[in-house]
Amino acid sequence: MDQQVHVIDHPLIQHKLSIMRNEETGSKDFRQLLTEISMLMGYELSRDLELEDYEIETPICHMTAKRIAGRKLAIVPILRAGMGMVDGLLSLIPVAKVGHIGLYRDEETHKPVEYFCKLPFDIEERLVIVTDPMLATGGSSIDAVTMLKKRGCKRIRLMCLVAAPEGVKAFTEAHPDVEVYVAAVDEKLNENCYIVPGLGDAGDRIFGTK
């Protein structure tokens, strides 16, 4: 796998993902598992955040401690399914700002269509984590990152649950400077551009819709 793409194959993530893939898993459990996996993935995604020294007093003595430098992070889910990954990340990084990008897939062309964009005012100063459970054709993620770059963002990471090889290839070719974090790269896309074996429509399974 390309060094730009990080497959996080931790046993807990793979176990929880298998339950999510099961068609018998209901929306409540699906949402909870997605939150848990997002938190576990966020642990790896944030591994290289910069630290700075600062002085504190412990109950025993004075010391030089560590904290995240700057704290300038933003989480930007691609609506609507990307919302399911926000709470897991916020549980790790509660000071992060949250923006939203609305894109939907045209059922005939399979191309993403933008309908909403609301971002923190200082988004260009932040490390931006774009979330979307599925990286299928890559179209929505490519367009979302393009939108962020047009607004001045220079530090962007994409976090997905399941990816298709076609989507990974398309995204990394479009944005070779953006690192991708996924829990699994599946076999392929089918004729309807759904990931195989995948887990179905993530948005419908999160929100209990069809």
# chains A, B, ... in the order shown; residues from 1 in each chain; ligands from 1
call {"tool": "closest_atom_pairs", "arguments": {"of": "region 16-65 of chain A", "to": "region 106-130 of chain A", "cutoff": "10 Å", "atoms": "only C-alpha atoms", "output": "CSV"}}
result
residue,atom,partner,partner_atom,distance
A:Gly42,CA,A:Ile129,CA,9.5
A:Leu45,CA,A:Ile129,CA,9.1
A:Ser46,CA,A:Ile129,CA,9.9
A:Leu49,CA,A:Leu127,CA,9.6
call {"tool": "write_last_selection", "arguments": {"atoms": "C-alpha atoms", "output": "tab-separated table (two decimals), in the first residue's frame"}}
result
chain	number	residue	atom	x	y	z
A	42	GLY	CA	-8.16	9.00	15.82
A	45	LEU	CA	-4.18	9.63	13.16
A	46	SER	CA	-3.09	12.02	15.92
A	49	LEU	CA	0.75	15.91	16.68
call {"tool": "select_by_dssp", "arguments": {"residues": "region 19-180 of chain A", "states": "strand (DSSP E)", "output": "MDAnalysis selection string"}}
result
chainID A and resid 51:57 62:68 73:79 97:98 100:105 112:118 127:131 134:135 155:159 162:163 179:180
call {"tool": "closest_residue", "arguments": {"among": "A:Leu148, A:Ala65, A:Ala174, A:Ile60", "to": "Gly99 (chain A)", "atoms": "only C-alpha atoms"}}
result
A:Leu148
call {"tool": "select_by_dssp", "arguments": {"residues": "region 2-182 of chain A", "states": "helix (DSSP H, G or I)", "output": "JSON, numbers by chain"}}
result
{"A": [11, 12, 13, 14, 15, 16, 17, 18, 19, 20, 21, 27, 28, 29, 30, 31, 32, 33, 34, 35, 36, 37, 38, 39, 40, 41, 42, 43, 44, 45, 81, 82, 83, 84, 85, 86, 87, 88, 89, 90, 91, 92, 123, 124, 125, 139, 140, 141, 142, 143, 144, 145, 146, 147, 148, 149, 150, 165, 166, 167, 168, 169, 170, 171, 172, 173, 174]}
call {"tool": "closest_residue", "arguments": {"among": "A:Glu57, A:Ser38, A:Gly70, A:Glu173", "to": "Asp87 (chain A)", "atoms": "only C-alpha atoms"}}
result
A:Ser38
call {"tool": "residues_around", "arguments": {"residues": "region 8-21 of chain A", "least_positions_apart": "2", "cutoff": "12 Å", "atoms": "only C-alpha atoms", "output": "PyMOL selection string"}}
result
chain A and resi 1+5-6+23-45+133+159-162+180-186+195-202+205-206
call {"tool": "write_last_selection", "arguments": {"atoms": "C-alpha atoms", "output": "short mmCIF file (atom, residue, chain, number, x, y, z; two decimals), in the first residue's frame"}}
result
data_model
loop_
_atom_site.label_atom_id
_atom_site.label_comp_id
_atom_site.auth_asym_id
_atom_site.auth_seq_id
_atom_site.Cartn_x
_atom_site.Cartn_y
_atom_site.Cartn_z
CA MET A 1 0.00 0.00 0.00
CA VAL A 5 -2.42 5.49 2.78
CA HIS A 6 -2.45 4.14 6.34
CA GLU A 23 -26.47 -6.92 7.78
CA GLU A 24 -28.20 -7.99 11.00
CA THR A 25 -26.51 -5.22 13.00
CA GLY A 26 -29.08 -2.48 13.72
CA SER A 27 -28.64 1.29 13.60
CA LYS A 28 -28.05 1.72 17.34
CA ASP A 29 -25.15 -0.72 17.43
CA PHE A 30 -23.87 0.47 14.05
CA ARG A 31 -23.65 4.06 15.32
CA GLN A 32 -21.99 3.04 18.56
CA LEU A 33 -19.41 0.88 16.80
CA LEU A 34 -18.65 3.65 14.32
CA THR A 35 -18.03 6.05 17.21
CA GLU A 36 -15.73 3.54 18.91
CA ILE A 37 -13.76 2.80 15.74
CA SER A 38 -13.43 6.51 14.99
CA MET A 39 -11.93 7.08 18.42
CA LEU A 40 -9.47 4.21 17.94
CA MET A 41 -8.52 5.47 14.47
CA GLY A 42 -8.16 9.00 15.82
CA TYR A 43 -5.57 7.70 18.27
CA GLU A 44 -3.38 6.63 15.34
CA LEU A 45 -4.18 9.63 13.16
CA PRO A 133 -17.07 6.25 6.36
CA MET A 159 -10.28 9.42 7.65
CA CYS A 160 -12.54 6.68 6.24
CA LEU A 161 -13.78 3.38 7.53
CA VAL A 162 -13.81 1.25 4.37
CA VAL A 180 -5.48 8.81 4.11
CA TYR A 181 -6.40 6.70 7.15
CA VAL A 182 -8.69 3.68 6.64
CA ALA A 183 -9.68 0.61 8.63
CA ALA A 184 -9.87 -1.62 5.53
CA VAL A 185 -9.30 -1.57 1.79
CA ASP A 186 -11.89 -3.91 0.30
CA ILE A 195 -17.87 -1.19 -2.15
CA VAL A 196 -17.61 -5.01 -2.16
CA PRO A 197 -17.90 -6.60 0.38
CA GLY A 198 -18.37 -3.23 2.10
CA LEU A 199 -21.14 -2.67 4.63
CA GLY A 200 -23.95 -1.18 2.57
CA ASP A 201 -25.02 2.46 2.60
CA ALA A 202 -23.36 3.90 5.71
CA ARG A 205 -27.40 2.30 8.40
CA ILE A 206 -26.38 5.12 10.75
#
call {"tool": "atom_distance", "arguments": {"atom1": "CA of Ile101 (chain A)", "atom2": "CA of Ala136 (chain A)"}}
result
17.3 Å
call {"tool": "closest_residue", "arguments": {"among": "A:Asp2, A:Asp132, A:Glu191, A:Glu55", "to": "Arg157 (chain A)", "atoms": "only C-alpha atoms"}}
result
A:Asp132
